[in-house]
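What follows is a set of notes on a single structure, which appears directly below.
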Amino acid sequence: MKAGWLWFLQRVTAALIVIILYSHIFRVHYVELGQPILFAGVALRLKDLLILLTDSSLLLLALFHGLNGVRAVLLDYEFFTKHEKRISWSLLIIGIIFFFGGVKGLWAFLIIK
Amino acid sequence: MVTFKIERFDPDVDKAPYFKTYEVMAEKEMSVLEALFYIVENLDGSLAFRYSCRGAVCGSCAMRINGKNRLACQTLIKTLRAKTITVSALPHLPVIKDLVVDMDHFFAKYEKVKPYLINPSPAPAKERTQSVKERARIDEMINCILCGACYSACTVAATDPQFLGPAALTKAYRFLADSRDAARGERLKLVDGEHGALRCHTLFNCAEACPKYIVPTYSIQKLKGGLYGKQS
Amino acid sequence: MLNNLKKESILACQSGVGMWAFLLHRLTGLALIFYLLMHIMVISTSLRGPHAFNQLLAVLTSQPFIIADLGLLAAVLFHGLNGIRILFFDLGVGIRIQKIIFWAVIAAAALIWGVTLYLTLPFIMGK
């Protein structure tokens with residue numbers, strides 16, 4: 001049933017990403033269209049706990065959705081089916097590294113003055 | 001005169017497939033299959049192809065005609081609206097000779113989904129009856145003639161040899177949705193897993209190909225729902 | 001014994017709009033995961049302080065990158081909206097009108113993209 005869980009989570013994350021990502025893009029790039037993106041501005045925006053949390057969850061959701069998508073693409077091909085375990089673990093590790101890297105990057109805006 | 005470009009390939013002799021051109025005296029209402037008969041009788045007796053019923057019932061003569069998988073018997077030359085008609089074997093299947101493909105994988109997967117009624121309860125004296133409404137749910141899927149046009153058109157089946165494919169999955173749903181069948185759990189287990197129903201990416205190539213206008217994707221989506229406990 | 005599979009591209013399959021939707025979805029998906037990883041790395045220059053971050057972002061908001069961003073937006077719009085199309089199918093909705101839904105997706109994406117192009121044009125033309 002592992003296939004079932006991954007398939008289901010791919011759908012759930014897709015639905016959430018569509019909502020969160022589109023509002024993220026709108027907020028960051030349309031509302032302040034043409035404004036330079038500056039460290040101080042981002043820091044101010046992330047001070048809002050709600051935004052910090054949605055950005056962090058978007059990071060998690062998008063990484064899962066994207067890397068699980070890569071897994072699905074690879075397993076479409078006979079060549080990669082043989083290496084399913086290795087592929088799954090590699091993608092999981094990439095996901096963990098980039099998630100914590102990304103969270104660290106977001107926190108930096110609040111800590112570094 | 002209609003020009004037929006036909007793909008020839010005898011794996012025992014030829015290194016690679018090649019196209020051979022034939023000029024066919026096409027009559028009104030002539031089907032592609034009849035043109036193939038004309039070629040065998042008048043031009044080249046060595047051309048190999050499968051056929052049986054000539055009436056779009058047996059599913060033997062599925063082949064690739066002008067870029068689409070079709071039944072040769074069902075396809076009239078005039079509806080193709082082309083001076084040149086290109087005919088080749090169903091793509092992504094091993095060629096036995098010319099237009100004859102090896103359907104072993106197709107039928108192996110078909111057998112995997114147990115394409116027969118499973119109901120351990122003793123049969124009633126006359127027959128297991130269905131209401132009109134119950135039967136209507138499987139009307140579409142029952143039209144399948146197992147020609148392999150959908151399976152050959154399915155990109156996922158072409159790249160992932162373990163994928164069950166549209167025809168087998170449609171058959172699986174045909175019995176799952178049958179009010180007389182009693183093996184729901186078993187059937188769902190057969191289409192579960194990494195290479196079962198969930199591997200379908202809803203490309204609709206199968207629906208484009210089906211000469212009986214079945215939409216296998218509908219059945220497959222119903223199976224996916226069934227895997228998550230949705231009654232259907 | 002019999003192993004004479006002809007070499008055939010996956011495009012040898014019937015190519016109705018469903019096939020193109022799938023191919024585009026897959027290509028944009030792969031492009032977007034690549035972008036996401038880049039995006040995370042770019043934002044993480046915050047760890048090197050405001051100066052490094054501002055300097056990098058000044059480069060990334062220059063003209064060539066704005067044009068590239070429009071390509072990115074097209075990918076995001078198609079992948080997202082076609083994703084909704086796929087979600088509908090998974091809910092059992094609209095399977096038999098998939099072509100109409102595909103063109104609706106294209107129309108919606110083109111509309112939003114066009115409006116955005118209009119809004120960003122002044123910045124592309126230089127300012």
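Each chain in the structure tokens gets a letter, A, B, ..., in the order shown, and its residues are numbered from 1; ligands are numbered from 1 in order too.
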
Inset, instruction - Can you pull out every residue within 12 Å of Lys85 (chain A), counting only C-alpha atoms, but drop anything in the same chain fewer than 6 positions away, and send it as a list in words? - result: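 Result of the neighbour search: Arg71, Leu74, Leu75, Leu91 and Leu92 of chain A.
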
Any chance you could tabulate, as JSON lines, the residues of chain B at most 9 Å from chain A with each one's nearest atom pair and distance in Å to one decimal, using only C-alpha atoms, in chain and rising number order?
```
{"residue": "B:Val156", "atom": "CA", "partner": "A:Asp76", "partner_atom": "CA", "distance": 6.6}
{"residue": "B:Ala157", "atom": "CA", "partner": "A:Asp76", "partner_atom": "CA", "distance": 8.8}
{"residue": "B:Ala158", "atom": "CA", "partner": "A:Tyr77", "partner_atom": "CA", "distance": 8.9}
{"residue": "B:Thr159", "atom": "CA", "partner": "A:Tyr77", "partner_atom": "CA", "distance": 5.2}
{"residue": "B:Asp160", "atom": "CA", "partner": "A:Tyr77", "partner_atom": "CA", "distance": 5.2}
{"residue": "B:Pro161", "atom": "CA", "partner": "A:Glu78", "partner_atom": "CA", "distance": 6.7}
{"residue": "B:Gln162", "atom": "CA", "partner": "A:Glu78", "partner_atom": "CA", "distance": 8.2}
{"residue": "B:Phe163", "atom": "CA", "partner": "A:Asp76", "partner_atom": "CA", "distance": 8.9}
{"residue": "B:Asp192", "atom": "CA", "partner": "A:Met1", "partner_atom": "CA", "distance": 7.5}
{"residue": "B:Gly193", "atom": "CA", "partner": "A:Ala3", "partner_atom": "CA", "distance": 5.6}
{"residue": "B:Glu194", "atom": "CA", "partner": "A:Ala3", "partner_atom": "CA", "distance": 5.2}
{"residue": "B:His195", "atom": "CA", "partner": "A:Ala3", "partner_atom": "CA", "distance": 8.8}
{"residue": "B:Leu198", "atom": "CA", "partner": "A:Trp7", "partner_atom": "CA", "distance": 7.2}
{"residue": "B:Arg199", "atom": "CA", "partner": "A:Asp76", "partner_atom": "CA", "distance": 7.9}
{"residue": "B:Leu227", "atom": "CA", "partner": "A:Gly4", "partner_atom": "CA", "distance": 7.9}
{"residue": "B:Tyr228", "atom": "CA", "partner": "A:Gly4", "partner_atom": "CA", "distance": 8.2}
```

Inset, instruction - Output as number ranges by chain the set of chain C residues within 12 Å of chain B, with distances taken over only C-alpha atoms. - result: C: 1-26, 82-83, 85-99, 102

How would the residues just picked look written out with C-alpha atoms as a compact mmCIF listing (two decimals), in the first residue's frame?
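For reference, again.txt as written:
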```txt
# COMPACT_ATOMS: atom_id res chain seq x y z
CA MET C 1 13.08 -15.90 -28.51
CA LEU C 2 10.89 -13.29 -30.02
CA ASN C 3 12.46 -9.99 -29.07
CA ASN C 4 11.94 -7.69 -32.01
CA LEU C 5 10.50 -4.61 -30.47
CA LYS C 6 10.84 -1.86 -33.03
CA LYS C 7 12.51 1.27 -31.77
CA GLU C 8 9.66 3.71 -31.44
CA SER C 9 9.36 7.02 -29.67
CA ILE C 10 6.68 7.44 -27.05
CA LEU C 11 5.21 10.02 -29.39
CA ALA C 12 4.31 7.14 -31.69
CA CYS C 13 1.30 6.82 -29.41
CA GLN C 14 -1.98 8.46 -30.28
CA SER C 15 -1.37 12.09 -29.58
CA GLY C 16 -4.59 13.77 -28.60
CA VAL C 17 -4.54 16.71 -26.21
CA GLY C 18 -4.36 14.35 -23.24
CA MET C 19 -0.93 13.23 -24.40
CA TRP C 20 0.28 16.81 -24.79
CA ALA C 21 -1.13 17.75 -21.39
CA PHE C 22 0.80 14.86 -19.88
CA LEU C 23 4.05 15.73 -21.64
CA LEU C 24 3.81 19.40 -20.73
CA HIS C 25 2.89 18.52 -17.16
CA ARG C 26 5.90 16.28 -16.88
CA ASN C 82 -3.46 21.19 -15.28
CA GLY C 83 -2.87 19.74 -11.81
CA ARG C 85 -7.59 19.17 -14.07
CA ILE C 86 -5.96 15.93 -12.92
CA LEU C 87 -7.41 16.30 -9.43
CA PHE C 88 -10.85 16.57 -10.97
CA PHE C 89 -10.31 13.29 -12.79
CA ASP C 90 -9.21 11.68 -9.53
CA LEU C 91 -12.46 12.80 -7.97
CA GLY C 92 -14.23 11.18 -10.92
CA VAL C 93 -15.29 14.54 -12.38
CA GLY C 94 -15.00 15.55 -16.02
CA ILE C 95 -13.25 12.43 -17.35
CA ARG C 96 -15.38 12.40 -20.47
CA ILE C 97 -14.86 16.10 -21.18
CA GLN C 98 -11.11 16.07 -20.63
CA LYS C 99 -10.38 17.90 -23.87
CA PHE C 102 -7.62 21.00 -21.18
```

Inset, instruction - Kindly provide, as a ChimeraX atom specification, the residues of chain A having any atom no farther than 8 Å from an atom of chain C, counting only C-alpha atoms. - result: /A:11,14-15,18,33-34,36-40,62-63,66-67,69-70,73,98,101-102,104-106,108-109,112-113

Inset, instruction - List the neighbours of Ala72 (chain B) out to 6 Å using only C-alpha atoms; skip same-chain residues closer than 5 positions along the sequence, and give me the result as a PyMOL selection string. - result: chain B and resi 32-33+61

Those of chain A in DSSP helix (DSSP H, G or I), formatted as a PDB file with C-alpha atoms, in the first residue's frame:
```
ATOM      1  CA  LYS A   2       3.087   2.265  -0.058  1.00  0.00           C
ATOM      2  CA  ALA A   3       2.295   3.212  -3.644  1.00  0.00           C
ATOM      3  CA  GLY A   4      -1.177   4.145  -2.481  1.00  0.00           C
ATOM      4  CA  TRP A   5       0.063   6.463   0.247  1.00  0.00           C
ATOM      5  CA  LEU A   6       2.532   8.264  -1.988  1.00  0.00           C
ATOM      6  CA  TRP A   7      -0.102   8.656  -4.692  1.00  0.00           C
ATOM      7  CA  PHE A   8      -2.610  10.016  -2.179  1.00  0.00           C
ATOM      8  CA  LEU A   9      -0.133  12.428  -0.587  1.00  0.00           C
ATOM      9  CA  GLN A  10       0.840  13.651  -4.059  1.00  0.00           C
ATOM     10  CA  ARG A  11      -2.795  14.694  -4.579  1.00  0.00           C
ATOM     11  CA  VAL A  12      -3.209  16.263  -1.141  1.00  0.00           C
ATOM     12  CA  THR A  13       0.021  18.242  -1.450  1.00  0.00           C
ATOM     13  CA  ALA A  14      -0.971  19.284  -4.980  1.00  0.00           C
ATOM     14  CA  ALA A  15      -4.225  20.796  -3.762  1.00  0.00           C
ATOM     15  CA  LEU A  16      -2.521  22.604  -0.866  1.00  0.00           C
ATOM     16  CA  ILE A  17       0.355  23.844  -3.043  1.00  0.00           C
ATOM     17  CA  VAL A  18      -1.995  25.312  -5.636  1.00  0.00           C
ATOM     18  CA  ILE A  19      -3.611  27.446  -2.927  1.00  0.00           C
ATOM     19  CA  ILE A  20      -0.499  28.383  -0.946  1.00  0.00           C
ATOM     20  CA  LEU A  21       1.873  28.844  -3.888  1.00  0.00           C
ATOM     21  CA  TYR A  22      -0.466  31.006  -5.917  1.00  0.00           C
ATOM     22  CA  SER A  23      -1.107  33.250  -2.919  1.00  0.00           C
ATOM     23  CA  HIS A  24       2.652  33.286  -2.212  1.00  0.00           C
ATOM     24  CA  ILE A  25       3.410  34.390  -5.770  1.00  0.00           C
ATOM     25  CA  PHE A  26       0.630  36.958  -5.724  1.00  0.00           C
ATOM     26  CA  ARG A  27       1.733  38.421  -2.407  1.00  0.00           C
ATOM     27  CA  VAL A  28       5.413  38.560  -3.218  1.00  0.00           C
ATOM     28  CA  HIS A  29       5.436  39.421  -6.909  1.00  0.00           C
ATOM     29  CA  TYR A  30       2.157  41.090  -7.829  1.00  0.00           C
ATOM     30  CA  PHE A  39      16.756  41.554   2.902  1.00  0.00           C
ATOM     31  CA  ALA A  40      15.067  43.992   5.266  1.00  0.00           C
ATOM     32  CA  GLY A  41      11.768  43.727   3.416  1.00  0.00           C
ATOM     33  CA  VAL A  42      11.772  39.951   3.477  1.00  0.00           C
ATOM     34  CA  ALA A  43      12.682  40.009   7.175  1.00  0.00           C
ATOM     35  CA  LEU A  44       9.756  42.320   7.878  1.00  0.00           C
ATOM     36  CA  ARG A  45       7.391  40.050   5.968  1.00  0.00           C
ATOM     37  CA  LEU A  46       8.597  36.922   7.764  1.00  0.00           C
ATOM     38  CA  LEU A  49       4.245  34.238  12.225  1.00  0.00           C
ATOM     39  CA  LEU A  50       1.464  33.175   9.839  1.00  0.00           C
ATOM     40  CA  ILE A  51       3.587  33.995   6.791  1.00  0.00           C
ATOM     41  CA  LEU A  52       6.613  32.285   8.281  1.00  0.00           C
ATOM     42  CA  LEU A  53       4.567  29.161   8.897  1.00  0.00           C
ATOM     43  CA  THR A  54       2.910  29.119   5.462  1.00  0.00           C
ATOM     44  CA  ASP A  55       6.248  29.684   3.736  1.00  0.00           C
ATOM     45  CA  SER A  56       7.823  26.865   5.745  1.00  0.00           C
ATOM     46  CA  SER A  57       4.946  24.513   5.055  1.00  0.00           C
ATOM     47  CA  LEU A  58       5.046  25.461   1.373  1.00  0.00           C
ATOM     48  CA  LEU A  59       8.720  24.510   1.430  1.00  0.00           C
ATOM     49  CA  LEU A  60       7.881  21.099   2.862  1.00  0.00           C
ATOM     50  CA  LEU A  61       4.878  20.479   0.599  1.00  0.00           C
ATOM     51  CA  ALA A  62       6.625  21.573  -2.601  1.00  0.00           C
ATOM     52  CA  LEU A  63       9.739  19.539  -1.848  1.00  0.00           C
ATOM     53  CA  PHE A  64       7.661  16.433  -1.184  1.00  0.00           C
ATOM     54  CA  HIS A  65       5.480  16.974  -4.246  1.00  0.00           C
ATOM     55  CA  GLY A  66       8.430  17.694  -6.522  1.00  0.00           C
ATOM     56  CA  LEU A  67      10.706  14.900  -5.387  1.00  0.00           C
ATOM     57  CA  ASN A  68       7.872  12.373  -5.237  1.00  0.00           C
ATOM     58  CA  GLY A  69       7.025  13.523  -8.740  1.00  0.00           C
ATOM     59  CA  VAL A  70      10.582  12.800  -9.847  1.00  0.00           C
ATOM     60  CA  ARG A  71      10.216   9.348  -8.292  1.00  0.00           C
ATOM     61  CA  ALA A  72       7.010   8.736 -10.233  1.00  0.00           C
ATOM     62  CA  VAL A  73       8.659   9.858 -13.462  1.00  0.00           C
ATOM     63  CA  LEU A  74      11.649   7.575 -12.956  1.00  0.00           C
ATOM     64  CA  GLU A  78      11.852  -0.155 -16.690  1.00  0.00           C
ATOM     65  CA  PHE A  79      15.487   0.787 -16.212  1.00  0.00           C
ATOM     66  CA  PHE A  80      14.787   2.684 -12.989  1.00  0.00           C
ATOM     67  CA  THR A  81      12.209   0.253 -11.615  1.00  0.00           C
ATOM     68  CA  GLU A  84      13.445   1.675  -6.817  1.00  0.00           C
ATOM     69  CA  LYS A  85      14.847   1.502  -3.256  1.00  0.00           C
ATOM     70  CA  ARG A  86      17.988   3.429  -4.109  1.00  0.00           C
ATOM     71  CA  ILE A  87      16.002   6.136  -5.893  1.00  0.00           C
ATOM     72  CA  SER A  88      13.505   6.526  -3.051  1.00  0.00           C
ATOM     73  CA  TRP A  89      16.227   6.856  -0.423  1.00  0.00           C
ATOM     74  CA  SER A  90      18.301   9.300  -2.487  1.00  0.00           C
ATOM     75  CA  LEU A  91      15.305  11.537  -3.070  1.00  0.00           C
ATOM     76  CA  LEU A  92      14.354  11.378   0.609  1.00  0.00           C
ATOM     77  CA  ILE A  93      17.857  12.487   1.620  1.00  0.00           C
ATOM     78  CA  ILE A  94      17.853  15.322  -0.934  1.00  0.00           C
ATOM     79  CA  GLY A  95      14.470  16.387   0.430  1.00  0.00           C
ATOM     80  CA  ILE A  96      15.630  16.402   4.054  1.00  0.00           C
ATOM     81  CA  ILE A  97      18.800  18.377   3.212  1.00  0.00           C
ATOM     82  CA  PHE A  98      16.933  21.009   1.241  1.00  0.00           C
ATOM     83  CA  PHE A  99      14.112  21.261   3.781  1.00  0.00           C
ATOM     84  CA  PHE A 100      16.401  21.984   6.696  1.00  0.00           C
ATOM     85  CA  GLY A 101      18.610  24.171   4.519  1.00  0.00           C
ATOM     86  CA  GLY A 102      15.549  26.148   3.480  1.00  0.00           C
ATOM     87  CA  VAL A 103      14.213  26.478   7.030  1.00  0.00           C
ATOM     88  CA  LYS A 104      17.638  27.688   8.152  1.00  0.00           C
ATOM     89  CA  GLY A 105      17.611  30.218   5.301  1.00  0.00           C
ATOM     90  CA  LEU A 106      14.198  31.530   6.380  1.00  0.00           C
ATOM     91  CA  TRP A 107      15.192  31.787  10.025  1.00  0.00           C
ATOM     92  CA  ALA A 108      18.287  33.738   9.044  1.00  0.00           C
ATOM     93  CA  PHE A 109      16.061  36.663   8.051  1.00  0.00           C
ATOM     94  CA  LEU A 110      14.780  36.904  11.605  1.00  0.00           C
ATOM     95  CA  ILE A 111      18.093  36.436  13.379  1.00  0.00           C
TER      96      ILE A 111
END
```

Inset, instruction - Between CA of Ile77 (chain B) and CA of Asn143 (chain B), measure the distance and give it in Å to one decimal. - result: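 Here the two named atoms are 24.3 Å from each other.
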
Inset, instruction - Would you mind listing what lies within 10 Å of Leu36 (chain B) as a list of chain:residue names, with only C-alpha atoms counted and same-chain residues fewer than 2 positions away left out? - result: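 After dropping sequence-adjacent residues, the list is B:Phe4, B:Ile6, B:Tyr22, B:Val24, B:Ser31, B:Val32, B:Leu33, B:Glu34, B:Tyr38, B:Ile39, B:Val40, B:Glu41, B:Asn42, B:Leu43, B:Asp44, B:Leu47, B:Ala48, B:Phe49, B:Ala72, B:Cys73, B:Val87.
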
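Taking CA of Gly226 (chain B) and CA of Glu111 (chain B) as the two end points, the separation is 20.3 Å.
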
Legend entry - Two-atom distance - CA of Val31 (chain A), CA of Ile101 (chain C) (Å):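 Between CA of Val31 (chain A) and CA of Ile101 (chain C) the gap works out to 29.4 Å.
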